[in-house]
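Colleague: Input structure14.txt, format and content: compact mmCIF, C-alpha atoms.
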```
# COMPACT_ATOMS: atom_id res chain seq x y z
CA MET A 1223 0.00 0.00 0.00
CA ASP A 1224 3.06 2.26 0.23
CA ASP A 1225 6.53 2.40 -1.24
CA PRO A 1226 9.62 3.54 0.68
CA GLN A 1227 11.15 4.74 -2.60
CA GLY A 1228 8.18 7.01 -3.35
CA ARG A 1229 6.96 5.16 -6.44
CA PRO A 1230 3.23 5.03 -7.21
CA CYS A 1231 1.47 2.43 -5.07
CA LEU A 1232 -1.97 0.98 -4.43
CA ALA A 1233 -2.96 3.68 -1.96
CA ASP A 1234 -2.66 6.26 -4.75
CA TYR A 1235 -5.52 4.55 -6.59
CA VAL A 1236 -7.86 3.85 -3.68
CA GLU A 1237 -7.24 6.43 -0.94
CA GLU A 1238 -10.72 7.88 -1.38
CA LEU A 1239 -12.57 4.54 -1.48
CA ALA A 1240 -12.23 3.32 2.10
CA PRO A 1241 -10.36 4.29 5.26
CA ARG A 1242 -8.61 0.90 5.62
CA LEU A 1243 -8.00 -1.56 2.85
CA PHE A 1244 -5.90 -4.73 2.89
CA HIS A 1245 -4.13 -5.89 -0.25
CA VAL A 1246 -4.55 -9.55 -1.04
CA GLY A 1247 -1.12 -10.68 -2.11
CA ARG A 1248 1.38 -8.52 -3.96
CA LEU A 1249 2.87 -8.02 -7.38
CA ASP A 1250 6.45 -6.92 -7.90
CA THR A 1251 7.18 -3.84 -9.99
CA GLU A 1252 7.89 -5.94 -13.09
CA THR A 1253 4.61 -7.87 -12.91
CA GLU A 1254 1.19 -6.64 -13.91
CA GLY A 1255 -2.27 -7.99 -13.40
CA LEU A 1256 -5.02 -8.60 -10.93
CA LEU A 1257 -4.78 -7.25 -7.39
CA LEU A 1258 -7.55 -7.62 -4.85
CA LEU A 1259 -8.25 -5.12 -2.09
CA THR A 1260 -10.65 -5.69 0.79
CA ASN A 1261 -11.66 -4.12 4.07
CA ASP A 1262 -11.94 -7.62 5.60
CA GLY A 1263 -8.59 -8.55 7.13
CA GLU A 1264 -9.57 -12.17 7.81
CA LEU A 1265 -10.63 -12.63 4.19
CA ALA A 1266 -7.31 -11.16 3.00
CA ASN A 1267 -5.38 -13.47 5.32
CA ARG A 1268 -7.22 -16.61 4.21
CA LEU A 1269 -7.02 -15.76 0.51
CA THR A 1270 -3.23 -15.51 0.72
CA HIS A 1271 -2.54 -18.41 3.09
CA PRO A 1272 -1.51 -21.52 1.11
CA SER A 1273 -3.46 -23.87 3.41
CA TYR A 1274 -6.73 -22.57 1.89
CA GLY A 1275 -5.57 -23.57 -1.59
CA VAL A 1276 -6.83 -20.46 -3.41
CA GLN A 1277 -5.28 -20.63 -6.85
CA LYS A 1278 -3.65 -17.78 -8.72
CA LYS A 1279 -3.22 -18.03 -12.49
CA TYR A 1280 -0.34 -16.31 -14.27
CA TRP A 1281 0.60 -15.85 -17.89
CA ALA A 1282 4.33 -15.61 -18.54
CA LYS A 1283 6.07 -14.74 -21.79
CA VAL A 1284 9.30 -16.74 -22.02
CA PRO A 1285 11.83 -17.66 -24.71
CA GLY A 1286 10.73 -20.69 -26.67
CA PRO A 1287 10.53 -23.39 -27.68
CA ILE A 1288 9.07 -25.06 -24.59
CA PRO A 1289 10.29 -28.60 -23.88
CA ARG A 1290 7.58 -31.25 -23.52
CA ASP A 1291 8.56 -32.04 -19.94
CA LEU A 1292 8.39 -28.49 -18.53
CA GLY A 1293 4.86 -28.88 -17.16
CA ARG A 1294 5.72 -32.17 -15.48
CA ARG A 1295 8.84 -30.65 -13.92
CA LEU A 1296 6.94 -27.62 -12.59
CA LYS A 1297 4.17 -29.81 -11.15
CA GLN A 1298 6.67 -32.21 -9.53
CA GLY A 1299 8.44 -29.26 -7.94
CA ILE A 1300 11.35 -26.96 -8.59
CA GLU A 1301 14.00 -26.62 -5.90
CA LEU A 1302 14.41 -22.95 -4.96
CA GLU A 1303 16.64 -21.43 -2.29
CA ASP A 1304 13.62 -21.20 0.07
CA GLY A 1305 12.29 -24.70 -0.62
CA ILE A 1306 10.45 -26.63 -3.29
CA ALA A 1307 7.77 -24.79 -5.27
CA ARG A 1308 5.14 -26.75 -7.18
CA ALA A 1309 2.75 -25.60 -9.87
CA ASP A 1310 -0.83 -26.82 -9.54
CA ALA A 1311 -1.21 -26.66 -13.32
CA PHE A 1312 0.78 -25.67 -16.38
CA SER A 1313 -0.07 -25.22 -20.03
CA ILE A 1314 1.33 -23.64 -23.15
CA VAL A 1315 -1.05 -20.90 -24.29
CA GLN A 1316 0.82 -20.02 -27.47
CA GLU A 1317 4.19 -20.58 -29.14
CA HIS A 1318 5.35 -18.25 -31.87
CA GLY A 1319 8.88 -18.21 -33.20
CA GLN A 1320 11.37 -17.83 -30.37
CA GLN A 1321 8.78 -16.85 -27.73
CA ALA A 1322 6.05 -18.66 -25.87
CA LEU A 1323 3.18 -17.69 -23.61
CA VAL A 1324 2.71 -20.17 -20.78
CA GLU A 1325 0.13 -20.44 -18.03
CA VAL A 1326 1.19 -21.32 -14.49
CA VAL A 1327 -1.31 -21.93 -11.67
CA LEU A 1328 -0.19 -21.89 -8.02
CA HIS A 1329 -1.87 -21.76 -4.64
CA GLU A 1330 1.11 -20.24 -2.84
CA GLY A 1331 2.52 -16.77 -3.16
CA ARG A 1332 6.17 -16.64 -2.23
CA LYS A 1333 8.21 -13.70 -3.44
CA HIS A 1334 8.81 -13.88 -7.22
CA VAL A 1335 7.86 -17.58 -7.14
CA VAL A 1336 6.64 -17.85 -10.75
CA ARG A 1337 9.69 -16.02 -12.09
CA ARG A 1338 12.06 -18.08 -9.96
CA MET A 1339 10.46 -21.40 -10.90
CA LEU A 1340 10.57 -20.72 -14.61
CA GLU A 1341 14.10 -19.33 -14.48
CA GLU A 1342 15.34 -22.32 -12.49
CA ALA A 1343 13.77 -24.50 -15.20
CA GLY A 1344 15.74 -22.56 -17.84
CA HIS A 1345 13.12 -20.07 -19.05
CA ARG A 1346 13.79 -16.43 -18.21
CA VAL A 1347 10.52 -14.53 -17.80
CA ILE A 1348 10.16 -11.63 -20.25
CA ASP A 1349 6.68 -10.52 -19.10
CA LEU A 1350 4.45 -11.77 -16.30
CA ALA A 1351 0.81 -11.07 -15.47
CA ARG A 1352 -1.57 -12.48 -12.86
CA ILE A 1353 -4.82 -13.04 -14.73
CA GLU A 1354 -6.92 -14.77 -12.04
CA PHE A 1355 -7.08 -14.84 -8.27
CA GLY A 1356 -9.41 -17.62 -7.15
CA PRO A 1357 -12.78 -17.04 -8.84
CA VAL A 1358 -11.96 -13.46 -9.89
CA LYS A 1359 -10.74 -12.97 -13.45
CA LEU A 1360 -8.84 -9.97 -14.83
CA GLY A 1361 -10.59 -10.19 -18.18
CA ARG A 1362 -10.21 -7.02 -20.26
CA THR A 1363 -9.59 -4.72 -17.30
CA LYS A 1364 -7.03 -2.10 -18.30
CA PRO A 1365 -3.90 -1.36 -16.21
CA GLY A 1366 -4.53 1.15 -13.41
CA THR A 1367 -8.27 0.51 -13.45
CA VAL A 1368 -10.15 -0.06 -10.21
CA ARG A 1369 -13.51 -1.82 -10.21
CA ALA A 1370 -15.83 -3.14 -7.55
CA LEU A 1371 -16.33 -6.89 -7.45
CA SER A 1372 -19.79 -8.23 -8.21
CA LEU A 1373 -21.80 -9.76 -5.37
CA LYS A 1374 -21.27 -13.13 -7.04
CA GLU A 1375 -17.47 -12.66 -7.03
CA VAL A 1376 -17.48 -11.57 -3.38
CA GLY A 1377 -19.58 -14.58 -2.42
CA GLU A 1378 -17.28 -16.91 -4.33
CA LEU A 1379 -14.21 -15.46 -2.58
CA TYR A 1380 -15.77 -16.01 0.85
CA ALA A 1381 -16.87 -19.51 -0.12
CA ALA A 1382 -13.36 -20.35 -1.37
CA VAL A 1383 -11.95 -19.78 2.13
CA LYS A 1384 -14.96 -21.12 4.07
CA LEU A 1385 -16.12 -17.83 5.57
```
Could you render the structure from this file as structure tokens?
Modeller:
Amino acid sequence: MDDPQGRPCLADYVEELAPRLFHVGRLDTETEGLLLLTNDGELANRLTHPSYGVQKKYWAKVPGPIPRDLGRRLKQGIELEDGIARADAFSIVQEHGQQALVEVVLHEGRKHVVRRMLEEAGHRVIDLARIEFGPVKLGRTKPGTVRALSLKEVGELYAAVKL
């Protein structure tokens, strides 16, 4: 919600919406995509805690071609300096020339985990975007846009974490 280096942050977009908002997870400065904000601290905590299994879907642009065993390797687990990280799902969205767009689904949110997993597997991430957080989809939402969730989306988020 703030940045010690003075860069734009979430609070700049939502300071007039509510007195206290919790961010649900984070994105580093090189990653774009879906961020959730809530005034319910318990909901935020459960949505980000891996024990609740709420999946986050990412699209990553990486150098291609993609070897056939990459999905299997990511699902079996990639050894990182802070422990093994496993993808819940993996698919190739598109391959074109020397680049590929891949989809990685995880239910944990360690720092730079998608980037680190792919890089450890030999695929440097060129671009990365979170396109889904649990039942909420980014869709065609433009960068910097804030929108209220539908009642259905809110209900699905609460149901996902048994609240």
Colleague: Please provide the set of residues having any atom within 9 Å of stretch 1264-1279 of chain A, restricted to all atoms listed in the file, with same-chain residues fewer than 5 positions apart removed, written as a compact mmCIF listing (two decimals) with C-alpha atoms, in the frame of the given file.
Modeller:
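Full text of part.txt as output:
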```
# COMPACT_ATOMS: atom_id res chain seq x y z
CA PHE A 1244 -5.90 -4.73 2.89
CA HIS A 1245 -4.13 -5.89 -0.25
CA VAL A 1246 -4.55 -9.55 -1.04
CA GLY A 1247 -1.12 -10.68 -2.11
CA LEU A 1258 -7.55 -7.62 -4.85
CA LEU A 1259 -8.25 -5.12 -2.09
CA ASP A 1310 -0.83 -26.82 -9.54
CA ALA A 1311 -1.21 -26.66 -13.32
CA GLU A 1325 0.13 -20.44 -18.03
CA VAL A 1326 1.19 -21.32 -14.49
CA VAL A 1327 -1.31 -21.93 -11.67
CA LEU A 1328 -0.19 -21.89 -8.02
CA HIS A 1329 -1.87 -21.76 -4.64
CA GLU A 1330 1.11 -20.24 -2.84
CA GLY A 1331 2.52 -16.77 -3.16
CA ALA A 1351 0.81 -11.07 -15.47
CA ARG A 1352 -1.57 -12.48 -12.86
CA ILE A 1353 -4.82 -13.04 -14.73
CA GLU A 1354 -6.92 -14.77 -12.04
CA PHE A 1355 -7.08 -14.84 -8.27
CA GLY A 1356 -9.41 -17.62 -7.15
CA PRO A 1357 -12.78 -17.04 -8.84
CA LEU A 1379 -14.21 -15.46 -2.58
CA TYR A 1380 -15.77 -16.01 0.85
CA ALA A 1382 -13.36 -20.35 -1.37
CA VAL A 1383 -11.95 -19.78 2.13
CA LYS A 1384 -14.96 -21.12 4.07
CA LEU A 1385 -16.12 -17.83 5.57
```
Colleague: Using all atoms listed in the file, which of A:Asp1349, A:Leu1373, A:Trp1281, A:Gly1366 sits nearest A:Pro1230?
Modeller: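 Distance minimum relative to A:Pro1230 lands on A:Gly1366.
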Colleague: Tell me which of A:Glu1303, A:Pro1285, A:Gly1293, A:Val1335 sits closest to A:Glu1317, counting only C-alpha atoms.
Modeller: A:Pro1285
Colleague: Of the candidates A:Asp1262, A:Asp1234, A:Glu1254, A:Thr1363, which one gets nearest to A:Val1376 if we count all atoms listed in the file?
Modeller: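 Looking at the shortest contact to A:Val1376, the residue is A:Asp1262.
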Colleague: Quick check, in Å to one decimal: how far apart do atom CA of A:Pro1365 and atom CA of A:Val1324 lie?
Modeller: 20.5 Å
Colleague: As a list in words, please: the residues near A:Thr1253 (cut-off 10 Å, only C-alpha atoms, same-chain neighbours under 5 positions excluded).
Modeller: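 Once the nearby chain positions are removed, what remains is Arg1248, Tyr1280, Ala1282, His1334, Arg1337, Ile1348, Asp1349, Leu1350, Ala1351 and Arg1352 of chain A.
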Colleague: In terms of the shortest atom-to-atom distance over all atoms listed in the file, which of A:Glu1341, A:His1318, A:Pro1289, A:Asn1261 is closest to A:Glu1301?
Modeller: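 Among the listed residues, A:Glu1341 lies closest to A:Glu1301.
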Colleague: How many Å separate atom CA of A:Ile1300 from atom CA of A:Met1339?
Modeller: 6.1 Å
Colleague: Determine, counting all atoms listed in the file, every residue of protein, DNA or RNA that lies within 10 Å of (12.0, -23.2, -26.0) in the file coordinates, then give the result as number ranges by chain.
Modeller: A: 1284-1290, 1292, 1317, 1319-1322, 1344-1345
Colleague: Please compute the atom CA of A:Leu1232-atom CA of A:Leu1360 distance, one decimal, in Å.
Modeller: 16.6 Å
Colleague: Pick from A:Lys1283, A:Leu1371, A:Thr1251, A:Arg1346: nearest to A:Ile1314, with only C-alpha atoms counted?
Modeller: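 Using only C-alpha atoms, the shortest distance to A:Ile1314 belongs to A:Lys1283.
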Colleague: From the set A:Thr1367, A:Gly1263, A:Leu1323, A:Ala1307, which residue has the shortest atom-to-atom contact distance to A:Glu1342, counting all atoms listed in the file?
Modeller: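 Under the stated criterion, the closest residue is A:Ala1307.
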